[in-house]
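Asker: What follows is target-v1.tsv; its format and atoms are TSV, C-alpha atoms.
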```tsv
chain	number	residue	atom	x	y	z
T	1	MET	CA	-52.30	-103.04	-22.85
T	2	ILE	CA	-52.90	-106.79	-23.10
T	3	GLY	CA	-50.08	-108.95	-21.75
T	4	ILE	CA	-49.59	-112.53	-22.99
T	5	LEU	CA	-47.84	-114.59	-20.32
T	6	ASP	CA	-44.75	-116.01	-22.00
T	7	TYR	CA	-43.61	-118.83	-19.71
T	8	GLY	CA	-42.74	-121.46	-22.31
T	9	VAL	CA	-46.21	-122.96	-22.70
T	10	GLY	CA	-48.79	-121.96	-25.30
T	11	ASN	CA	-48.78	-120.23	-28.65
T	12	VAL	CA	-47.89	-116.70	-27.55
T	13	ASP	CA	-47.19	-115.59	-31.13
T	14	ALA	CA	-50.73	-116.47	-32.24
T	15	TYR	CA	-52.23	-114.09	-29.68
T	16	LEU	CA	-49.73	-111.37	-30.51
T	17	ARG	CA	-50.64	-111.62	-34.21
T	18	ILE	CA	-54.37	-111.47	-33.52
T	19	PHE	CA	-54.18	-108.37	-31.35
T	20	HIS	CA	-51.63	-106.66	-33.61
T	21	ASN	CA	-53.92	-107.26	-36.60
T	22	GLU	CA	-56.78	-105.66	-34.67
T	23	ASN	CA	-54.63	-102.68	-33.64
T	24	ILE	CA	-55.06	-103.59	-29.97
T	25	PRO	CA	-51.97	-102.86	-27.83
T	26	VAL	CA	-50.34	-106.13	-26.79
T	27	MET	CA	-47.00	-107.45	-25.57
T	28	PRO	CA	-45.50	-110.67	-24.21
T	29	ILE	CA	-44.88	-110.85	-20.46
T	30	SER	CA	-41.49	-112.50	-20.07
T	31	SER	CA	-40.09	-110.59	-17.08
T	32	VAL	CA	-41.45	-109.17	-13.83
T	33	SER	CA	-41.02	-105.60	-15.09
T	34	ASP	CA	-43.40	-106.28	-18.00
T	35	PHE	CA	-46.35	-106.51	-15.58
T	36	SER	CA	-46.08	-102.79	-14.82
T	37	VAL	CA	-47.32	-101.79	-18.29
T	38	VAL	CA	-50.19	-104.26	-18.78
T	39	ASP	CA	-53.71	-104.02	-17.40
T	40	LYS	CA	-55.11	-107.35	-18.68
T	41	ILE	CA	-53.43	-110.76	-18.89
T	42	ILE	CA	-53.87	-113.85	-21.06
T	43	LEU	CA	-52.60	-117.17	-19.68
T	44	PRO	CA	-52.22	-119.60	-22.60
T	45	GLY	CA	-51.52	-123.28	-22.10
T	46	VAL	CA	-50.93	-126.51	-23.99
T	47	GLY	CA	-49.48	-129.87	-22.99
T	48	ALA	CA	-49.71	-131.41	-19.52
T	49	PHE	CA	-50.77	-129.87	-16.22
T	50	ASP	CA	-47.66	-130.57	-14.11
T	51	SER	CA	-45.32	-129.46	-16.88
T	52	ALA	CA	-47.20	-126.17	-17.30
T	53	MET	CA	-47.32	-125.50	-13.55
T	54	THR	CA	-43.61	-126.30	-13.22
T	55	LYS	CA	-42.69	-123.91	-16.01
T	56	LEU	CA	-44.83	-121.14	-14.53
T	57	ASN	CA	-43.44	-121.65	-11.04
T	58	GLU	CA	-39.86	-121.65	-12.37
T	59	SER	CA	-40.39	-118.66	-14.68
T	60	GLY	CA	-40.05	-116.08	-11.91
T	61	LEU	CA	-43.45	-114.68	-12.91
T	62	ARG	CA	-45.71	-116.57	-10.50
T	63	ASP	CA	-45.53	-114.25	-7.46
T	64	VAL	CA	-46.27	-111.09	-9.43
T	65	LEU	CA	-49.01	-112.85	-11.38
T	66	ASP	CA	-50.66	-113.84	-8.09
T	67	GLU	CA	-50.42	-110.26	-6.86
T	68	MET	CA	-51.84	-108.83	-10.08
T	69	VAL	CA	-54.81	-111.21	-10.10
T	70	LEU	CA	-55.57	-111.62	-6.40
T	71	GLN	CA	-54.56	-108.26	-4.94
T	72	GLN	CA	-54.92	-105.82	-7.82
T	73	SER	CA	-57.87	-107.64	-9.46
T	74	LYS	CA	-56.42	-107.35	-12.96
T	75	PRO	CA	-58.55	-109.25	-15.51
T	76	ILE	CA	-57.05	-112.56	-16.64
T	77	LEU	CA	-58.21	-114.90	-19.42
T	78	ALA	CA	-56.86	-118.46	-19.17
T	79	VAL	CA	-57.05	-120.95	-22.04
T	80	CYS	CA	-57.06	-124.78	-22.11
T	81	ILE	CA	-54.33	-125.97	-19.69
T	82	GLY	CA	-54.32	-122.38	-18.46
T	83	MET	CA	-57.95	-122.86	-17.43
T	84	HIS	CA	-57.03	-126.08	-15.60
T	85	MET	CA	-54.27	-124.19	-13.78
T	86	LEU	CA	-56.86	-121.80	-12.30
T	87	GLY	CA	-58.11	-124.50	-9.92
T	88	ARG	CA	-56.73	-126.39	-6.94
T	89	ASP	CA	-55.47	-129.47	-8.76
T	90	SER	CA	-55.89	-131.80	-11.73
T	91	GLU	CA	-56.29	-135.53	-12.20
T	92	GLU	CA	-53.68	-135.16	-14.93
T	93	GLY	CA	-50.93	-134.45	-12.41
T	94	SER	CA	-49.96	-134.14	-8.75
T	95	MET	CA	-49.05	-130.46	-8.42
T	96	SER	CA	-51.19	-127.72	-6.91
T	97	GLY	CA	-52.80	-125.22	-9.23
T	98	LEU	CA	-53.03	-121.45	-8.90
T	99	GLY	CA	-56.18	-121.56	-6.76
T	100	TYR	CA	-57.79	-118.53	-8.41
T	101	ILE	CA	-61.11	-120.41	-8.74
T	102	GLU	CA	-62.06	-123.20	-6.36
T	103	GLY	CA	-62.42	-126.43	-8.31
T	104	SER	CA	-60.61	-129.40	-9.80
T	105	THR	CA	-59.81	-130.67	-13.29
T	106	LYS	CA	-61.03	-134.17	-14.11
T	107	LYS	CA	-60.51	-136.54	-17.03
T	108	MET	CA	-63.17	-136.58	-19.72
T	109	PRO	CA	-65.17	-139.83	-20.02
T	110	SER	CA	-63.98	-142.34	-22.61
T	111	ALA	CA	-67.49	-143.72	-23.12
T	112	SER	CA	-71.08	-142.54	-22.77
T	113	LYS	CA	-74.32	-144.52	-23.14
T	114	GLY	CA	-72.39	-147.44	-24.61
T	115	LYS	CA	-70.62	-145.29	-27.16
T	116	VAL	CA	-66.82	-145.03	-27.19
T	117	LEU	CA	-65.57	-141.44	-27.08
T	118	MET	CA	-62.22	-140.68	-28.63
T	119	LEU	CA	-59.80	-138.70	-26.49
T	120	PRO	CA	-58.61	-136.10	-26.85
T	121	HIS	CA	-61.86	-134.35	-27.68
T	122	MET	CA	-60.76	-132.48	-30.79
T	123	GLY	CA	-62.51	-130.20	-33.25
T	124	TRP	CA	-65.36	-127.72	-33.43
T	125	ASN	CA	-68.19	-127.90	-30.92
T	126	GLU	CA	-71.23	-125.76	-30.27
T	127	ILE	CA	-71.46	-124.21	-26.83
T	128	ASP	CA	-74.33	-123.09	-24.62
T	129	PHE	CA	-74.35	-119.80	-22.75
T	130	VAL	CA	-75.07	-120.80	-19.15
T	131	ARG	CA	-74.93	-117.23	-17.90
T	132	ASP	CA	-75.07	-113.84	-19.56
T	133	ASP	CA	-71.71	-112.12	-19.73
T	134	ASP	CA	-70.27	-109.29	-21.80
T	135	ILE	CA	-67.59	-111.68	-23.06
T	136	TRP	CA	-70.28	-113.39	-25.20
T	137	THR	CA	-71.32	-110.20	-27.02
T	138	GLY	CA	-71.48	-110.91	-30.77
T	139	VAL	CA	-70.47	-114.58	-30.41
T	140	ASN	CA	-72.30	-117.00	-32.74
T	141	ILE	CA	-73.41	-119.82	-30.45
T	142	LYS	CA	-74.05	-122.26	-33.32
T	143	GLU	CA	-70.67	-121.69	-34.93
T	144	GLY	CA	-68.96	-122.81	-31.73
T	145	PHE	CA	-65.28	-122.98	-30.88
T	146	TYR	CA	-62.29	-125.23	-31.48
T	147	PHE	CA	-61.44	-127.74	-28.72
T	148	LEU	CA	-58.45	-129.97	-28.06
T	149	HIS	CA	-58.41	-131.60	-24.61
T	150	SER	CA	-58.78	-134.78	-22.56
T	151	TYR	CA	-59.51	-133.07	-19.23
T	152	ALA	CA	-62.04	-130.46	-18.15
T	153	PHE	CA	-62.20	-128.05	-15.22
T	154	SER	CA	-65.11	-128.45	-12.77
T	155	PRO	CA	-65.63	-125.44	-10.48
T	156	ASP	CA	-67.04	-125.91	-6.98
T	157	ALA	CA	-69.39	-122.93	-7.34
T	158	LYS	CA	-71.76	-123.66	-10.21
T	159	ASP	CA	-72.65	-119.98	-10.53
T	160	SER	CA	-69.14	-119.40	-11.88
T	161	ILE	CA	-70.01	-121.44	-14.99
T	162	ILE	CA	-70.80	-119.17	-17.94
T	163	GLY	CA	-70.57	-121.72	-20.76
T	164	SER	CA	-70.94	-125.45	-21.34
T	165	SER	CA	-70.51	-127.88	-24.21
T	166	LEU	CA	-71.41	-131.49	-24.95
T	167	TYR	CA	-69.08	-134.41	-25.63
T	168	GLY	CA	-70.70	-137.57	-24.35
T	169	ARG	CA	-71.89	-135.50	-21.42
T	170	ASN	CA	-72.15	-131.82	-20.64
T	171	PHE	CA	-68.93	-130.28	-19.41
T	172	THR	CA	-67.90	-126.81	-18.34
T	173	CYS	CA	-66.16	-124.95	-21.13
T	174	ALA	CA	-66.17	-121.40	-19.74
T	175	VAL	CA	-65.98	-119.96	-16.24
T	176	ARG	CA	-65.84	-116.55	-14.66
T	177	SER	CA	-65.18	-115.57	-11.07
T	178	SER	CA	-64.87	-111.82	-10.62
T	179	ASN	CA	-61.83	-110.77	-12.72
T	180	VAL	CA	-60.86	-114.34	-13.69
T	181	TYR	CA	-62.01	-115.97	-16.94
T	182	GLY	CA	-61.24	-119.53	-18.03
T	183	PHE	CA	-61.99	-121.13	-21.43
T	184	GLN	CA	-61.49	-124.77	-22.37
T	185	PHE	CA	-61.61	-124.05	-26.10
T	186	HIS	CA	-58.92	-122.19	-28.05
T	187	PRO	CA	-60.03	-118.66	-29.04
T	188	GLU	CA	-56.83	-118.22	-31.07
T	189	LYS	CA	-57.92	-121.15	-33.31
T	190	SER	CA	-61.63	-120.35	-33.43
T	191	LEU	CA	-61.76	-117.87	-36.33
T	192	SER	CA	-64.44	-115.17	-36.07
T	193	ASN	CA	-65.86	-116.36	-32.74
T	194	GLY	CA	-62.43	-116.49	-31.16
T	195	LEU	CA	-61.59	-113.06	-32.51
T	196	ARG	CA	-64.86	-111.66	-31.18
T	197	LEU	CA	-64.25	-113.13	-27.72
T	198	LEU	CA	-60.68	-111.76	-27.56
T	199	ARG	CA	-61.87	-108.35	-28.69
T	200	ASN	CA	-64.55	-108.43	-25.99
T	201	PHE	CA	-61.92	-109.24	-23.37
T	202	ALA	CA	-59.78	-106.37	-24.60
T	203	GLY	CA	-62.77	-104.03	-24.41
T	204	SER	CA	-62.62	-103.28	-28.12
T	205	PRO	CA	-65.92	-102.78	-30.02
```
Please re-express this file's structure in structure tokens.
Answerer:
Amino acid sequence: MIGILDYGVGNVDAYLRIFHNENIPVMPISSVSDFSVVDKIILPGVGAFDSAMTKLNESGLRDVLDEMVLQQSKPILAVCIGMHMLGRDSEEGSMSGLGYIEGSTKKMPSASKGKVLMLPHMGWNEIDFVRDDDIWTGVNIKEGFYFLHSYAFSPDAKDSIIGSSLYGRNFTCAVRSSNVYGFQFHPEKSLSNGLRLLRNFAGSP
């Protein structure tokens, strides 16, 4: 059973629709008891870092989420602000992150090689597979994914980077550390590639 963390941030309904349409068992996680029936978790996120962390901390779900990820090693897939929350901190705010992957989130550059870069970085971008991982099975690298962000997560351990993209400069767009995945792009908005990636996470052929 896939559980979508419902803490007031992120398009939970979009993930529920995708998995329902694929006949993959899924449910929102809105109470502590919901964790007992899920074996994989998706942490969606939109908006600002401090706001998202505040809502998660005040949701009553944080302690059990930490236990599930850190003690029970349940797989988690974090998206956009959710990916930023995996680290220690973010230049976008002053709060501490979850600390599941050592690293910090930094603002994207507003210029590169004399060229002004519009922020947020928005739209479809190709990605590069930095490291082989089952999550990439069947993904069309040239088709890319849909991005919408002004900040990007930078992990301390470079071997945790499994994907990168280019906007003015190369930036990390996908990480994995053991049971923890983070993606800067939005799988739920990325059509066939996003669907393929979510199916791979669910373990569905």
Asker: Any idea what the distance is between atom CA of Leu98 of chain T and atom CA of Pro28 of chain T?
Answerer: 20.2 Å
Asker: Could you list, as a ChimeraX atom specification, every residue within 9 Å of Gly87 of chain T, counting all atoms listed in the file and ignoring same-chain residues fewer than 2 positions away?
Answerer: /T:83-85,89-90,96-105,153-155
Asker: Would you kindly identify which residues have an atom no farther than 12 Å from (-44.4, -107.2, -14.2), using only C-alpha atoms and the file's own coordinates, and write them out as a ChimeraX atom specification?
Answerer: /T:3-6,27-41,60-69
Asker: Please determine, counting only C-alpha atoms, which residue among T:Ser164, T:Lys107, T:Phe201, T:Cys80 has the shortest atom-to-atom distance to Phe147 of chain T.
Answerer: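 The shortest atom-to-atom distance to Phe147 of chain T comes from T:Cys80.
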Asker: What is the distance between atom CA of Ala152 of chain T and atom CA of Lys74 of chain T, in Å to one decimal?
Answerer: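 We find that atom CA of Ala152 of chain T and atom CA of Lys74 of chain T lie 24.3 Å from each other.
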Asker: Give as number ranges by chain each residue that has an atom at most 12 Å from (-46.1, -121.3, -18.8) in the file, counting only C-alpha atoms.
Answerer: T: 4-12, 28-30, 42-62, 65, 78-82, 85
Asker: Please save C-alpha atoms of the selected residues as a compact mmCIF listing (two decimals), keeping the file's coordinate frame.
Answerer:
```
# COMPACT_ATOMS: atom_id res chain seq x y z
CA ILE T 4 -49.59 -112.53 -22.99
CA LEU T 5 -47.84 -114.59 -20.32
CA ASP T 6 -44.75 -116.01 -22.00
CA TYR T 7 -43.61 -118.83 -19.71
CA GLY T 8 -42.74 -121.46 -22.31
CA VAL T 9 -46.21 -122.96 -22.70
CA GLY T 10 -48.79 -121.96 -25.30
CA ASN T 11 -48.78 -120.23 -28.65
CA VAL T 12 -47.89 -116.70 -27.55
CA PRO T 28 -45.50 -110.67 -24.21
CA ILE T 29 -44.88 -110.85 -20.46
CA SER T 30 -41.49 -112.50 -20.07
CA ILE T 42 -53.87 -113.85 -21.06
CA LEU T 43 -52.60 -117.17 -19.68
CA PRO T 44 -52.22 -119.60 -22.60
CA GLY T 45 -51.52 -123.28 -22.10
CA VAL T 46 -50.93 -126.51 -23.99
CA GLY T 47 -49.48 -129.87 -22.99
CA ALA T 48 -49.71 -131.41 -19.52
CA PHE T 49 -50.77 -129.87 -16.22
CA ASP T 50 -47.66 -130.57 -14.11
CA SER T 51 -45.32 -129.46 -16.88
CA ALA T 52 -47.20 -126.17 -17.30
CA MET T 53 -47.32 -125.50 -13.55
CA THR T 54 -43.61 -126.30 -13.22
CA LYS T 55 -42.69 -123.91 -16.01
CA LEU T 56 -44.83 -121.14 -14.53
CA ASN T 57 -43.44 -121.65 -11.04
CA GLU T 58 -39.86 -121.65 -12.37
CA SER T 59 -40.39 -118.66 -14.68
CA GLY T 60 -40.05 -116.08 -11.91
CA LEU T 61 -43.45 -114.68 -12.91
CA ARG T 62 -45.71 -116.57 -10.50
CA LEU T 65 -49.01 -112.85 -11.38
CA ALA T 78 -56.86 -118.46 -19.17
CA VAL T 79 -57.05 -120.95 -22.04
CA CYS T 80 -57.06 -124.78 -22.11
CA ILE T 81 -54.33 -125.97 -19.69
CA GLY T 82 -54.32 -122.38 -18.46
CA MET T 85 -54.27 -124.19 -13.78
```
Asker: Could you please determine the separation between atom CA of Ser150 of chain T and atom CA of Pro120 of chain T in Å, to one decimal place?
Answerer: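 Atom CA of Pro120 of chain T lies at a distance of 4.5 Å from atom CA of Ser150 of chain T.
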Asker: Pick out the residues sitting within 8 Å of segment 195-198 of chain T, and hand them over as an NGL selection string; count only C-alpha atoms, and ignore anything fewer than 4 positions along from it in its own chain.
Answerer: :T and (18 or 135-139 or 187-188 or 190-191 or 202)
Asker: Could I get segment 112-137 of chain T rebuilt with N, CA and C atoms, written as a PDB file, in the coordinates of the input?
Answerer:
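Done, and the output landed in part_27.pdb:
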```pdb
ATOM      1  N   SER T 112     -69.825-143.084 -23.255  1.00  0.00           N
ATOM      2  CA  SER T 112     -71.080-142.540 -22.770  1.00  0.00           C
ATOM      3  C   SER T 112     -72.238-143.263 -23.443  1.00  0.00           C
ATOM      4  N   LYS T 113     -73.139-143.816 -22.634  1.00  0.00           N
ATOM      5  CA  LYS T 113     -74.320-144.520 -23.140  1.00  0.00           C
ATOM      6  C   LYS T 113     -73.924-145.623 -24.125  1.00  0.00           C
ATOM      7  N   GLY T 114     -72.848-146.330 -23.783  1.00  0.00           N
ATOM      8  CA  GLY T 114     -72.390-147.440 -24.610  1.00  0.00           C
ATOM      9  C   GLY T 114     -71.589-147.051 -25.822  1.00  0.00           C
ATOM     10  N   LYS T 115     -71.367-145.771 -25.995  1.00  0.00           N
ATOM     11  CA  LYS T 115     -70.620-145.290 -27.160  1.00  0.00           C
ATOM     12  C   LYS T 115     -69.218-144.893 -26.732  1.00  0.00           C
ATOM     13  N   VAL T 116     -68.215-145.378 -27.474  1.00  0.00           N
ATOM     14  CA  VAL T 116     -66.820-145.030 -27.190  1.00  0.00           C
ATOM     15  C   VAL T 116     -66.574-143.581 -27.634  1.00  0.00           C
ATOM     16  N   LEU T 117     -65.919-142.824 -26.772  1.00  0.00           N
ATOM     17  CA  LEU T 117     -65.570-141.440 -27.080  1.00  0.00           C
ATOM     18  C   LEU T 117     -64.062-141.339 -27.253  1.00  0.00           C
ATOM     19  N   MET T 118     -63.649-140.836 -28.373  1.00  0.00           N
ATOM     20  CA  MET T 118     -62.220-140.680 -28.630  1.00  0.00           C
ATOM     21  C   MET T 118     -61.668-139.521 -27.798  1.00  0.00           C
ATOM     22  N   LEU T 119     -60.497-139.751 -27.207  1.00  0.00           N
ATOM     23  CA  LEU T 119     -59.800-138.700 -26.490  1.00  0.00           C
ATOM     24  C   LEU T 119     -58.421-138.519 -27.123  1.00  0.00           C
ATOM     25  N   PRO T 120     -57.954-137.321 -27.306  1.00  0.00           N
ATOM     26  CA  PRO T 120     -58.610-136.100 -26.850  1.00  0.00           C
ATOM     27  C   PRO T 120     -59.868-135.743 -27.650  1.00  0.00           C
ATOM     28  N   HIS T 121     -60.728-134.983 -26.996  1.00  0.00           N
ATOM     29  CA  HIS T 121     -61.860-134.350 -27.680  1.00  0.00           C
ATOM     30  C   HIS T 121     -61.269-133.252 -28.558  1.00  0.00           C
ATOM     31  N   MET T 122     -61.439-133.387 -29.862  1.00  0.00           N
ATOM     32  CA  MET T 122     -60.760-132.480 -30.790  1.00  0.00           C
ATOM     33  C   MET T 122     -61.708-132.043 -31.887  1.00  0.00           C
ATOM     34  N   GLY T 123     -61.726-130.745 -32.152  1.00  0.00           N
ATOM     35  CA  GLY T 123     -62.510-130.200 -33.250  1.00  0.00           C
ATOM     36  C   GLY T 123     -63.492-129.139 -32.780  1.00  0.00           C
ATOM     37  N   TRP T 124     -64.396-128.794 -33.693  1.00  0.00           N
ATOM     38  CA  TRP T 124     -65.360-127.720 -33.430  1.00  0.00           C
ATOM     39  C   TRP T 124     -66.573-128.263 -32.691  1.00  0.00           C
ATOM     40  N   ASN T 125     -67.001-127.546 -31.679  1.00  0.00           N
ATOM     41  CA  ASN T 125     -68.190-127.900 -30.920  1.00  0.00           C
ATOM     42  C   ASN T 125     -69.033-126.659 -30.656  1.00  0.00           C
ATOM     43  N   GLU T 126     -70.340-126.823 -30.722  1.00  0.00           N
ATOM     44  CA  GLU T 126     -71.230-125.760 -30.270  1.00  0.00           C
ATOM     45  C   GLU T 126     -71.091-125.613 -28.758  1.00  0.00           C
ATOM     46  N   ILE T 127     -71.431-124.439 -28.265  1.00  0.00           N
ATOM     47  CA  ILE T 127     -71.460-124.210 -26.830  1.00  0.00           C
ATOM     48  C   ILE T 127     -72.824-123.654 -26.444  1.00  0.00           C
ATOM     49  N   ASP T 128     -73.117-123.700 -25.159  1.00  0.00           N
ATOM     50  CA  ASP T 128     -74.330-123.090 -24.620  1.00  0.00           C
ATOM     51  C   ASP T 128     -73.922-122.007 -23.632  1.00  0.00           C
ATOM     52  N   PHE T 129     -74.586-120.856 -23.719  1.00  0.00           N
ATOM     53  CA  PHE T 129     -74.350-119.800 -22.750  1.00  0.00           C
ATOM     54  C   PHE T 129     -75.131-120.152 -21.476  1.00  0.00           C
ATOM     55  N   VAL T 130     -74.426-120.461 -20.421  1.00  0.00           N
ATOM     56  CA  VAL T 130     -75.070-120.800 -19.150  1.00  0.00           C
ATOM     57  C   VAL T 130     -75.456-119.532 -18.400  1.00  0.00           C
ATOM     58  N   ARG T 131     -74.664-118.488 -18.583  1.00  0.00           N
ATOM     59  CA  ARG T 131     -74.930-117.230 -17.900  1.00  0.00           C
ATOM     60  C   ARG T 131     -74.570-116.076 -18.813  1.00  0.00           C
ATOM     61  N   ASP T 132     -75.366-115.026 -18.770  1.00  0.00           N
ATOM     62  CA  ASP T 132     -75.070-113.840 -19.560  1.00  0.00           C
ATOM     63  C   ASP T 132     -73.758-113.220 -19.086  1.00  0.00           C
ATOM     64  N   ASP T 133     -72.961-112.794 -20.050  1.00  0.00           N
ATOM     65  CA  ASP T 133     -71.710-112.120 -19.730  1.00  0.00           C
ATOM     66  C   ASP T 133     -71.293-111.303 -20.936  1.00  0.00           C
ATOM     67  N   ASP T 134     -70.693-110.153 -20.698  1.00  0.00           N
ATOM     68  CA  ASP T 134     -70.270-109.290 -21.800  1.00  0.00           C
ATOM     69  C   ASP T 134     -69.283-109.981 -22.733  1.00  0.00           C
ATOM     70  N   ILE T 135     -68.575-110.989 -22.237  1.00  0.00           N
ATOM     71  CA  ILE T 135     -67.590-111.680 -23.060  1.00  0.00           C
ATOM     72  C   ILE T 135     -68.250-112.392 -24.248  1.00  0.00           C
ATOM     73  N   TRP T 136     -69.563-112.681 -24.133  1.00  0.00           N
ATOM     74  CA  TRP T 136     -70.280-113.390 -25.200  1.00  0.00           C
ATOM     75  C   TRP T 136     -70.862-112.449 -26.257  1.00  0.00           C
ATOM     76  N   THR T 137     -70.728-111.151 -26.086  1.00  0.00           N
ATOM     77  CA  THR T 137     -71.320-110.200 -27.020  1.00  0.00           C
ATOM     78  C   THR T 137     -70.853-110.478 -28.461  1.00  0.00           C
TER      79      THR T 137
END
```
